[in-house]
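**Q** Sharing a structure with you now.
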Amino acid sequence: MAANGAEPAGTRRGRRAVVVARARAALDALEHLIGGLGTALLAFATVMWIVLVALLCVTGVGFLLARTVPRLLRSVAERERGRLSRWGPEIIGPGPAPSDVRAALADTAVRRELAWVFVHATLGLFLSMVGATLTLNTIPYIAFPLWWRFLPPDETRPSFVFWDVTDDSGALLVVLVGVAMGVAFLVAGPGMARLQAWPGRRLLAPPADMDLSLRIAELSATRAAALDAHAMELRRIERSLHDGAQNRLVGVTMMIGVARRALARDPADADAALERAQQAAEQALAELRTVVRGILPHVLVDRGLAGALAGLAADCGVPCTVDVDVPGRCAASVEATAYFVTAEALTNITRHSRARRATVVVRREGARLLLRIEDDGVGGADAQRGSGLAGIRGRVEAHDGRLTLTSPRGGPTILQVELPCGS
């Protein structure tokens, strides 16, 4: 027990951790609500268009515009699916919307999206506006005593305050209102964000039968990607052996033949030929070792994933820091994929990014291995161009993983990879 009634250090740290966790949850909630504000505005515009088309059907013009409704509805719903997938489990979309109005009305996914768009355009928009109002007014209200005297005499009543501020006591009451707004968002913000996301996760997720068929299609695509990646790897190994070690060994054979013929005529020439043959054999052996390391890097066995990635960072042409926090070991194929993805990404950074620094962060969350590679270069990387990024995507998809590339012009470039690694 602490002396003189002082609070124990452990208790203080515990309370500080609770405050930090609550503040972080509030910031995450604000980010979710602001992101939801964008899709809520799109949903509101979609609702207005649906109402307008319905009204124009009275004149007959609406029937010509009705075909635009399913496509617009699907486009807005896909944006919300993408937003929710970034903050939680992925929501798989049902594909293109039916072009025919009758087919769209008979489509279960379209009807669920129609229900969602009305809910999100009302409840979702309201929650985003409330969250934005609480947070945007908190700091100005708390700082109100510092600048209220500079306001015109007829504008000394802030929004959501029902009295005119004429002295410091009135300004201090505004501070209390600001604090109350901040506390209200700290308490209610995370719940508001969850409530805003709930209709989307409920209505935009595919039905069970559709989810199963999409999963089968996804696994078929993954199997095809795995076969393609395997074929590419075999071609790479064959090319490395044919262009490198095989040519060296052919040269060794020829040099040994020259040395045998020269042995009877001039032993000095034979000795020189044997020396060249030995050098060629050593080079062939080195290239064979390189090919073997390319199949499964031995450094992963010796040093683990953290040590192997540290070695890649040390050899990188750009200053690179590595932060690996992965308890235990993952499957050898998963670690090899993370190693090769990092190696290819750091090679691309060195060659193309003109970056000053790069970072590699690896974490394990449950049954997923998370890899994040970031650089502060010029950006503009495109996963659809270049064999390097295509090879990375093939390796990741072969493991039923997911790759996300963010690379705006001017940077930064962020490559995020998720790989299943067991529980």
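Every chain in the structure tokens has a letter given in the order shown (A, B, ...), and although residue numbers restart at 1 in each chain, ligands are simply numbered from 1 in the order shown.
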Which of region 85-196 of chain A end up as helix (DSSP H, G or I) when DSSP is run on this backbone - answer as an MDAnalysis selection string?
**A** chainID A and resid 85:87 101:106 108:142 144:150 153:155 168:196
**Q** Which residues come within 6 Å of Leu370 (chain A), counting only C-alpha atoms, excluding same-chain residues fewer than 2 positions away, as a compact mmCIF listing (two decimals) with all heavy atoms, in the first residue's frame?
**A**
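Output file out.txt is given in full below:
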# COMPACT_ATOMS: atom_id res chain seq x y z
N VAL A 362 6.06 -5.79 -39.63
CA VAL A 362 5.41 -7.10 -39.71
C VAL A 362 4.74 -7.37 -38.36
O VAL A 362 5.38 -7.24 -37.31
CB VAL A 362 6.41 -8.22 -40.04
CG1 VAL A 362 5.68 -9.54 -40.23
CG2 VAL A 362 7.21 -7.87 -41.28
N ARG A 363 3.49 -7.73 -38.42
CA ARG A 363 2.73 -8.05 -37.21
C ARG A 363 1.92 -9.32 -37.46
O ARG A 363 1.60 -9.66 -38.60
CB ARG A 363 1.78 -6.92 -36.82
CG ARG A 363 2.45 -5.63 -36.41
CD ARG A 363 3.12 -5.79 -35.06
NE ARG A 363 3.67 -4.53 -34.59
CZ ARG A 363 4.91 -4.13 -34.83
NH1 ARG A 363 5.72 -4.91 -35.55
NH2 ARG A 363 5.36 -2.99 -34.37
N ARG A 364 1.59 -9.97 -36.38
CA ARG A 364 0.68 -11.13 -36.45
C ARG A 364 -0.55 -10.83 -35.61
O ARG A 364 -0.44 -10.55 -34.42
CB ARG A 364 1.37 -12.39 -35.96
CG ARG A 364 0.47 -13.63 -36.06
CD ARG A 364 1.24 -14.91 -35.82
NE ARG A 364 0.39 -16.08 -35.94
CZ ARG A 364 0.82 -17.33 -35.90
NH1 ARG A 364 2.12 -17.56 -35.75
NH2 ARG A 364 0.00 -18.35 -36.03
N VAL A 417 0.17 -6.23 -47.12
CA VAL A 417 -0.07 -7.62 -47.49
C VAL A 417 -0.61 -8.35 -46.26
O VAL A 417 -0.08 -8.20 -45.16
CB VAL A 417 1.22 -8.30 -47.99
CG1 VAL A 417 1.00 -9.79 -48.21
CG2 VAL A 417 1.69 -7.63 -49.29
N GLU A 418 -1.66 -9.13 -46.47
CA GLU A 418 -2.20 -10.00 -45.43
C GLU A 418 -2.08 -11.44 -45.90
O GLU A 418 -2.54 -11.79 -46.99
CB GLU A 418 -3.67 -9.67 -45.14
CG GLU A 418 -3.90 -8.28 -44.56
CD GLU A 418 -5.36 -8.05 -44.22
OE1 GLU A 418 -6.09 -9.07 -44.13
OE2 GLU A 418 -5.76 -6.89 -44.06
**Q** Between CA of Leu249 (chain A) and CA of Glu282 (chain A), what is the spacing in Å?
**A**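 Taking CA of Glu282 (chain A) as the start and CA of Leu249 (chain A) as the end point, the length is 9.7 Å.
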**Q** A:Leu419, A:Ala184, A:Leu389, A:Ser353: which is nearest Leu405 (chain A), counting only C-alpha atoms?
**A**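 Among the listed residues, A:Leu389 lies closest to Leu405 (chain A).
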**Q** Hey, which of A:Gln416, A:Val174, A:Glu78, A:Asp302 ends up closest to Leu146 (chain A)? Count only C-alpha atoms.
**A**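 Closest candidate: A:Val174.
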**Q** Between CA of Val396 (chain A) and CA of Asp28 (chain A), measure the distance and give it in Å to one decimal.
**A** 28.4 Å
**Q** Which is closer to Gly93 (chain A) than all the others in A:Arg201, A:Arg368, A:Arg22, A:Arg357, using only C-alpha atoms?
**A**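 Residue with the minimum atom-to-atom distance to Gly93 (chain A): A:Arg201.
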**Q** Please determine, counting only C-alpha atoms, which residue among A:Val117, A:Ala197, A:Met181, A:Ala66 has the shortest atom-to-atom distance to Trp87 (chain A).
**A**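 Selected residue with least distance to Trp87 (chain A): A:Ala197.
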**Q** In terms of the shortest atom-to-atom distance over only C-alpha atoms, which of A:Leu72, A:Ala23, A:Leu186, A:Ala143 is closest to Phe44 (chain A)?
**A**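 Closest residue, counting only C-alpha atoms: A:Leu72.
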**Q** Compile the contact shell of region 324-326 of chain A as an MDAnalysis selection string: residues with an atom at most 12 Å away, counting only C-alpha atoms, same-chain residues fewer than 3 positions apart removed.
**A** chainID A and resid 304:310 321 329:330 335 338 359:373 421
**Q** Filtering to N, CA and C atoms, could you give me those residues as a PDB file, in the first residue's frame?
**A**
ATOM      1  N   GLY A 304      15.342 -16.940 -38.876  1.00  0.00           N
ATOM      2  CA  GLY A 304      13.933 -16.609 -38.742  1.00  0.00           C
ATOM      3  C   GLY A 304      13.552 -15.429 -39.611  1.00  0.00           C
ATOM      4  N   LEU A 305      12.263 -15.086 -39.586  1.00  0.00           N
ATOM      5  CA  LEU A 305      11.758 -14.021 -40.453  1.00  0.00           C
ATOM      6  C   LEU A 305      12.352 -12.667 -40.088  1.00  0.00           C
ATOM      7  N   ALA A 306      12.459 -12.378 -38.794  1.00  0.00           N
ATOM      8  CA  ALA A 306      12.991 -11.075 -38.384  1.00  0.00           C
ATOM      9  C   ALA A 306      14.431 -10.902 -38.852  1.00  0.00           C
ATOM     10  N   GLY A 307      15.269 -11.909 -38.647  1.00  0.00           N
ATOM     11  CA  GLY A 307      16.655 -11.806 -39.073  1.00  0.00           C
ATOM     12  C   GLY A 307      16.799 -11.736 -40.579  1.00  0.00           C
ATOM     13  N   ALA A 308      15.953 -12.512 -41.310  1.00  0.00           N
ATOM     14  CA  ALA A 308      16.032 -12.495 -42.774  1.00  0.00           C
ATOM     15  C   ALA A 308      15.648 -11.124 -43.313  1.00  0.00           C
ATOM     16  N   LEU A 309      14.584 -10.522 -42.769  1.00  0.00           N
ATOM     17  CA  LEU A 309      14.177  -9.196 -43.238  1.00  0.00           C
ATOM     18  C   LEU A 309      15.192  -8.134 -42.848  1.00  0.00           C
ATOM     19  N   ALA A 310      15.828  -8.295 -41.688  1.00  0.00           N
ATOM     20  CA  ALA A 310      16.885  -7.355 -41.303  1.00  0.00           C
ATOM     21  C   ALA A 310      18.043  -7.421 -42.293  1.00  0.00           C
ATOM     22  N   THR A 321      14.325   0.682 -42.122  1.00  0.00           N
ATOM     23  CA  THR A 321      14.156   0.171 -40.767  1.00  0.00           C
ATOM     24  C   THR A 321      13.148  -0.975 -40.788  1.00  0.00           C
ATOM     25  N   ARG A 329       6.708 -19.008 -34.886  1.00  0.00           N
ATOM     26  CA  ARG A 329       7.033 -19.135 -36.298  1.00  0.00           C
ATOM     27  C   ARG A 329       5.766 -19.425 -37.097  1.00  0.00           C
ATOM     28  N   CYS A 330       5.715 -18.894 -38.303  1.00  0.00           N
ATOM     29  CA  CYS A 330       4.639 -19.212 -39.237  1.00  0.00           C
ATOM     30  C   CYS A 330       5.088 -20.370 -40.130  1.00  0.00           C
ATOM     31  N   GLU A 335       6.375 -17.609 -44.499  1.00  0.00           N
ATOM     32  CA  GLU A 335       7.560 -16.799 -44.241  1.00  0.00           C
ATOM     33  C   GLU A 335       8.337 -16.547 -45.532  1.00  0.00           C
ATOM     34  N   ALA A 338       6.514 -13.828 -47.448  1.00  0.00           N
ATOM     35  CA  ALA A 338       6.781 -12.512 -46.858  1.00  0.00           C
ATOM     36  C   ALA A 338       8.199 -12.041 -47.194  1.00  0.00           C
ATOM     37  N   THR A 359      10.396   1.769 -44.592  1.00  0.00           N
ATOM     38  CA  THR A 359      10.114   1.033 -43.355  1.00  0.00           C
ATOM     39  C   THR A 359       9.392  -0.266 -43.703  1.00  0.00           C
ATOM     40  N   VAL A 360       9.715  -1.303 -42.939  1.00  0.00           N
ATOM     41  CA  VAL A 360       9.052  -2.608 -43.068  1.00  0.00           C
ATOM     42  C   VAL A 360       8.514  -2.974 -41.691  1.00  0.00           C
ATOM     43  N   VAL A 361       7.205  -3.182 -41.604  1.00  0.00           N
ATOM     44  CA  VAL A 361       6.555  -3.521 -40.341  1.00  0.00           C
ATOM     45  C   VAL A 361       5.814  -4.847 -40.535  1.00  0.00           C
ATOM     46  N   VAL A 362       6.055  -5.788 -39.631  1.00  0.00           N
ATOM     47  CA  VAL A 362       5.406  -7.098 -39.708  1.00  0.00           C
ATOM     48  C   VAL A 362       4.743  -7.370 -38.359  1.00  0.00           C
ATOM     49  N   ARG A 363       3.486  -7.726 -38.419  1.00  0.00           N
ATOM     50  CA  ARG A 363       2.732  -8.051 -37.213  1.00  0.00           C
ATOM     51  C   ARG A 363       1.918  -9.321 -37.457  1.00  0.00           C
ATOM     52  N   ARG A 364       1.587  -9.974 -36.381  1.00  0.00           N
ATOM     53  CA  ARG A 364       0.684 -11.126 -36.455  1.00  0.00           C
ATOM     54  C   ARG A 364      -0.546 -10.830 -35.615  1.00  0.00           C
ATOM     55  N   GLU A 365      -1.708 -10.846 -36.279  1.00  0.00           N
ATOM     56  CA  GLU A 365      -2.976 -10.612 -35.598  1.00  0.00           C
ATOM     57  C   GLU A 365      -3.862 -11.835 -35.811  1.00  0.00           C
ATOM     58  N   GLY A 366      -3.969 -12.633 -34.791  1.00  0.00           N
ATOM     59  CA  GLY A 366      -4.766 -13.844 -34.894  1.00  0.00           C
ATOM     60  C   GLY A 366      -4.165 -14.801 -35.910  1.00  0.00           C
ATOM     61  N   ALA A 367      -4.963 -15.124 -36.920  1.00  0.00           N
ATOM     62  CA  ALA A 367      -4.527 -16.073 -37.946  1.00  0.00           C
ATOM     63  C   ALA A 367      -4.006 -15.373 -39.192  1.00  0.00           C
ATOM     64  N   ARG A 368      -3.633 -14.091 -39.088  1.00  0.00           N
ATOM     65  CA  ARG A 368      -3.166 -13.338 -40.241  1.00  0.00           C
ATOM     66  C   ARG A 368      -1.793 -12.743 -39.947  1.00  0.00           C
ATOM     67  N   LEU A 369      -0.922 -12.840 -40.944  1.00  0.00           N
ATOM     68  CA  LEU A 369       0.378 -12.177 -40.895  1.00  0.00           C
ATOM     69  C   LEU A 369       0.256 -10.892 -41.712  1.00  0.00           C
ATOM     70  N   LEU A 370       0.495  -9.753 -41.069  1.00  0.00           N
ATOM     71  CA  LEU A 370       0.334  -8.449 -41.702  1.00  0.00           C
ATOM     72  C   LEU A 370       1.705  -7.877 -42.012  1.00  0.00           C
ATOM     73  N   LEU A 371       1.914  -7.517 -43.273  1.00  0.00           N
ATOM     74  CA  LEU A 371       3.185  -6.954 -43.746  1.00  0.00           C
ATOM     75  C   LEU A 371       2.903  -5.588 -44.357  1.00  0.00           C
ATOM     76  N   ARG A 372       3.641  -4.584 -43.905  1.00  0.00           N
ATOM     77  CA  ARG A 372       3.459  -3.212 -44.405  1.00  0.00           C
ATOM     78  C   ARG A 372       4.830  -2.660 -44.791  1.00  0.00           C
ATOM     79  N   ILE A 373       4.959  -2.246 -46.044  1.00  0.00           N
ATOM     80  CA  ILE A 373       6.201  -1.676 -46.567  1.00  0.00           C
ATOM     81  C   ILE A 373       5.889  -0.276 -47.079  1.00  0.00           C
ATOM     82  N   CYS A 421      -1.859 -17.434 -41.721  1.00  0.00           N
ATOM     83  CA  CYS A 421      -0.740 -18.186 -41.168  1.00  0.00           C
ATOM     84  C   CYS A 421      -1.192 -19.136 -40.063  1.00  0.00           C
TER      85      CYS A 421
END
**Q** So, with only C-alpha atoms as the atoms that count, which of A:Leu288, A:Ala121, A:Leu134, A:Ala381 lies closest to Ala77 (chain A)?
**A**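 For Ala77 (chain A), the nearest of the candidates is A:Ala121.
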**Q** Which value, in Å to one decimal, gives the distance between CA of Arg303 (chain A) and CA of Thr413 (chain A)?
**A**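 These two atoms are separated by 28.3 Å.
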**Q** Which of region 240-375 of chain A counts as strand (DSSP E or B) under DSSP, as a short mmCIF file (atom, residue, chain, number, x, y, z; two decimals) with C-alpha atoms, in the first residue's frame please?
**A**
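Output file result22.cif follows:
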data_model
loop_
_atom_site.label_atom_id
_atom_site.label_comp_id
_atom_site.auth_asym_id
_atom_site.auth_seq_id
_atom_site.Cartn_x
_atom_site.Cartn_y
_atom_site.Cartn_z
CA CYS A 320 15.44 1.01 -44.24
CA THR A 321 14.16 0.17 -40.77
CA VAL A 322 12.52 -3.15 -39.88
CA ASP A 323 10.01 -3.71 -37.07
CA VAL A 324 8.96 -7.34 -36.67
CA ASP A 325 6.71 -8.47 -33.83
CA ALA A 358 11.74 3.00 -46.15
CA THR A 359 10.11 1.03 -43.35
CA VAL A 360 9.05 -2.61 -43.07
CA VAL A 361 6.55 -3.52 -40.34
CA VAL A 362 5.41 -7.10 -39.71
CA ARG A 363 2.73 -8.05 -37.21
CA ARG A 364 0.68 -11.13 -36.45
CA GLU A 365 -2.98 -10.61 -35.60
CA ARG A 368 -3.17 -13.34 -40.24
CA LEU A 369 0.38 -12.18 -40.89
CA LEU A 370 0.33 -8.45 -41.70
CA LEU A 371 3.18 -6.95 -43.75
CA ARG A 372 3.46 -3.21 -44.41
CA ILE A 373 6.20 -1.68 -46.57
CA GLU A 374 6.29 2.12 -46.90
CA ASP A 375 8.60 4.61 -48.56
#
